[in-house]
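Participant: Sharing a structure below in structure tokens format, with a few things to ask.
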Amino acid sequence: MANHHDEDHSYHPKDAISAAVKATALTGGVGLFASAVQNTLTRQNVGPLGVFLRSGGTISIFAAMGGTYEFVKTASANLREKEDPLNTALGGFFAGALMGMRSRTFPALLGYGTTLAVSMYAFDYTGGSLFGYKKDHSEDEFDRRQKIRKNYQSPAEETFAQLGEGRGIYAPGYEERRRARIQESYGISVPPSPIPAS
């Protein structure tokens with residue numbers, strides 16, 4: 001395992017064109033799916049080519065937004081030589097501005113751009129995940145889960161003391177204590193119950 005002093009913390013440039021092409025293909029595929037859904041929800045029968053002819057703008061705007069976002073984000077990181085949420089915000093602004101251009105008004109262009117920039121900045125700043133914090137990949141998964149389990153475990157004696165016995169919660173020796181209580185209170189001798197056959 002490398003020493004912390006030996007690690008390389010300098011920024012390594014990435015290929016913005018390649019990243020943009022991949023993002024364009026991916027978001028174009030999502031746009032194609034959205035266009036197909038729009039095509040199936042139309043009232044008149046437009047046929048299978050309606051995906052491209054009637055609602056094809058959806059495909060192009062999705063593809064353009066994805067490619068623009070990824071290109072600007074990667075190019076900004078390369079120029080600034082820094083990987084931080086500001087790059088994400090810049091990419092989000094330009095992608096949102098593309099969506100705003102469909103309205104053909106300057107306020108829409110600024111509004112969509114700013115909204116997407118702020119959203120993407122906040123998303124990246126808070127960890128960039130919809131599923132909570134990022135896991136430390138250097139820690140063994142088994143050890144991590146064991147640590148979590150031990151955090152929430154409490155001794156059985158503590159549980160019995162807090163909840164009391166009964167309702168399916170019985171401490172070891174419960175049967176003997178029960179027989180003794182019944183003998184003391186009512187004078188009835190209760191024979192030990194046989195071990196159930198499984």
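Following the order of the structure tokens, first chain is A, next is B, and so on, with residues numbered from 1 inside each chain and ligands from 1 in the order they appear.
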List as a ChimeraX atom specification the protein and nucleic acid residues near region 98-100 of chain A, meaning an atom at most 8 Å away when only C-alpha atoms are counted, but skip any in the same chain fewer than 5 places from it.
Facilitator: /A:61,64-65,105-106,108-113
Participant: Based on DSSP run over this structure's backbone, return all residues of region 56-180 of chain A in alpha helix (DSSP H), as an MDAnalysis selection string.
Facilitator: chainID A and resid 56:80 85:101 106:125 141:152 156:163 174:180
Participant: Show which residues sit within 8 Å of region 74-88 of chain A, as a list in words. Count only C-alpha atoms, and ignore same-chain residues fewer than 4 positions away.
Facilitator: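 Here the answer would be Tyr11, His12, Pro13, Lys14, Asp15, Ala16, Ala19, Tyr69, Glu70, Gly92, Ala117, Met120, Tyr121, Ala122, Asp124 and Tyr125 of chain A.
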Participant: Calculate how many Å separate CA of Ser154 (chain A) from CA of Arg177 (chain A), rounding to one decimal.
Facilitator: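 CA of Arg177 (chain A) lies at a distance of 23.6 Å from CA of Ser154 (chain A).
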Participant: Name the residues in contact with Arg178 (chain A) at a cut-off of 12 Å, using only C-alpha atoms, excluding same-chain residues fewer than 6 positions from it; report them as a ChimeraX atom specification.
Facilitator: /A:165-166,170-172,184-186,188-193
Participant: Separation of CA of Gly173 (chain A) and CA of Gln146 (chain A), in Å?
Facilitator: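 Calculated distance between CA of Gly173 (chain A) and CA of Gln146 (chain A) is 29.7 Å.
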Participant: Nearest residue to Asn39 (chain A) out of A:Thr126, A:Ser55, A:Thr159, A:Ser60, using only C-alpha atoms?
Facilitator: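 Among the listed residues, A:Ser55 lies closest to Asn39 (chain A).
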Participant: Looking at A:Ser138, A:Thr58, A:Gln44, A:Asn151, which one is nearest to Arg102 (chain A), with distances taken over only C-alpha atoms?
Facilitator: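 The closest residue to Arg102 (chain A) is A:Thr58.
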Participant: Name the residues in contact with Gly57 (chain A) at a cut-off of 10 Å, using only C-alpha atoms, excluding same-chain residues fewer than 3 positions from it; report them as number ranges by chain.
Facilitator: A: 31-32, 35, 51-54, 60-63, 102
Participant: Would you mind exporting all heavy atoms of the selected residues as a CSV table (one decimal), in the first residue's frame?
Facilitator:
```
chain,number,residue,atom,x,y,z
A,31,GLY,N,-33.1,10.0,-24.9
A,31,GLY,CA,-34.0,10.8,-25.7
A,31,GLY,C,-34.8,10.0,-26.7
A,31,GLY,O,-36.0,10.3,-26.9
A,32,LEU,N,-34.2,9.0,-27.2
A,32,LEU,CA,-35.0,8.1,-28.2
A,32,LEU,C,-36.1,7.3,-27.4
A,32,LEU,O,-37.2,7.2,-27.9
A,32,LEU,CB,-34.0,7.0,-28.8
A,32,LEU,CG,-34.6,6.0,-29.7
A,32,LEU,CD1,-35.2,6.7,-31.0
A,32,LEU,CD2,-33.6,5.0,-30.1
A,35,SER,N,-38.8,9.9,-26.7
A,35,SER,CA,-39.5,10.2,-27.9
A,35,SER,C,-40.4,9.0,-28.3
A,35,SER,O,-41.6,9.3,-28.8
A,35,SER,CB,-38.5,10.4,-29.1
A,35,SER,OG,-39.1,10.6,-30.3
A,51,VAL,N,-41.5,8.6,-34.2
A,51,VAL,CA,-40.5,8.7,-33.2
A,51,VAL,C,-39.4,9.7,-33.7
A,51,VAL,O,-39.0,10.5,-32.9
A,51,VAL,CB,-39.8,7.3,-32.9
A,51,VAL,CG1,-38.6,7.5,-32.0
A,51,VAL,CG2,-40.8,6.4,-32.3
A,52,PHE,N,-39.1,9.7,-35.0
A,52,PHE,CA,-38.1,10.6,-35.5
A,52,PHE,C,-38.7,11.9,-36.1
A,52,PHE,O,-38.1,13.0,-36.0
A,52,PHE,CB,-37.2,9.9,-36.6
A,52,PHE,CG,-36.5,8.7,-36.0
A,52,PHE,CD1,-37.0,7.4,-36.3
A,52,PHE,CD2,-35.4,8.8,-35.2
A,52,PHE,CE1,-36.4,6.3,-35.8
A,52,PHE,CE2,-34.8,7.7,-34.7
A,52,PHE,CZ,-35.3,6.4,-35.0
A,53,LEU,N,-39.9,11.7,-36.8
A,53,LEU,CA,-40.4,12.8,-37.5
A,53,LEU,C,-41.3,13.8,-36.6
A,53,LEU,O,-41.1,15.0,-36.7
A,53,LEU,CB,-41.3,12.3,-38.7
A,53,LEU,CG,-40.6,11.5,-39.7
A,53,LEU,CD1,-41.6,10.9,-40.7
A,53,LEU,CD2,-39.5,12.2,-40.4
A,54,ARG,N,-42.1,13.2,-35.8
A,54,ARG,CA,-43.0,14.0,-34.9
A,54,ARG,C,-42.3,14.5,-33.6
A,54,ARG,O,-42.4,15.7,-33.3
A,54,ARG,CB,-44.2,13.2,-34.6
A,54,ARG,CG,-45.3,14.0,-33.9
A,54,ARG,CD,-46.5,13.2,-33.7
A,54,ARG,NE,-47.5,14.0,-33.0
A,54,ARG,CZ,-48.5,14.7,-33.6
A,54,ARG,NH1,-48.5,14.9,-34.9
A,54,ARG,NH2,-49.3,15.4,-32.9
A,60,SER,N,-32.9,15.0,-30.1
A,60,SER,CA,-31.8,15.9,-30.4
A,60,SER,C,-31.5,16.7,-29.1
A,60,SER,O,-30.3,17.0,-28.8
A,60,SER,CB,-32.1,16.8,-31.6
A,60,SER,OG,-33.3,17.5,-31.4
A,61,ILE,N,-32.5,17.2,-28.4
A,61,ILE,CA,-32.3,18.0,-27.2
A,61,ILE,C,-31.6,17.2,-26.1
A,61,ILE,O,-30.7,17.7,-25.5
A,61,ILE,CB,-33.5,18.8,-26.8
A,61,ILE,CG1,-33.2,19.9,-25.8
A,61,ILE,CG2,-34.5,17.9,-26.0
A,61,ILE,CD1,-32.5,21.1,-26.5
A,62,PHE,N,-32.0,16.0,-25.9
A,62,PHE,CA,-31.4,15.1,-24.9
A,62,PHE,C,-29.9,14.9,-25.3
A,62,PHE,O,-29.0,15.0,-24.4
A,62,PHE,CB,-32.1,13.8,-24.8
A,62,PHE,CG,-33.2,13.7,-23.8
A,62,PHE,CD1,-34.4,14.3,-24.0
A,62,PHE,CD2,-33.0,13.1,-22.6
A,62,PHE,CE1,-35.4,14.2,-23.1
A,62,PHE,CE2,-34.0,13.1,-21.6
A,62,PHE,CZ,-35.2,13.6,-21.9
A,63,ALA,N,-29.7,14.5,-26.6
A,63,ALA,CA,-28.3,14.2,-27.0
A,63,ALA,C,-27.4,15.5,-26.9
A,63,ALA,O,-26.3,15.4,-26.4
A,63,ALA,CB,-28.3,13.7,-28.4
A,102,ARG,N,-34.9,26.5,-26.6
A,102,ARG,CA,-36.2,26.0,-27.3
A,102,ARG,C,-37.3,27.1,-27.1
A,102,ARG,O,-38.2,27.2,-28.0
A,102,ARG,CB,-36.6,24.7,-26.7
A,102,ARG,CG,-35.7,23.6,-27.1
A,102,ARG,CD,-36.2,22.3,-26.5
A,102,ARG,NE,-37.1,21.6,-27.5
A,102,ARG,CZ,-37.6,20.5,-27.3
A,102,ARG,NH1,-37.4,19.8,-26.2
A,102,ARG,NH2,-38.4,19.9,-28.2
```
Participant: Work out how far CA of Phe123 (chain A) is from CA of Ala97 (chain A), in Å to one decimal.
Facilitator: 18.4 Å
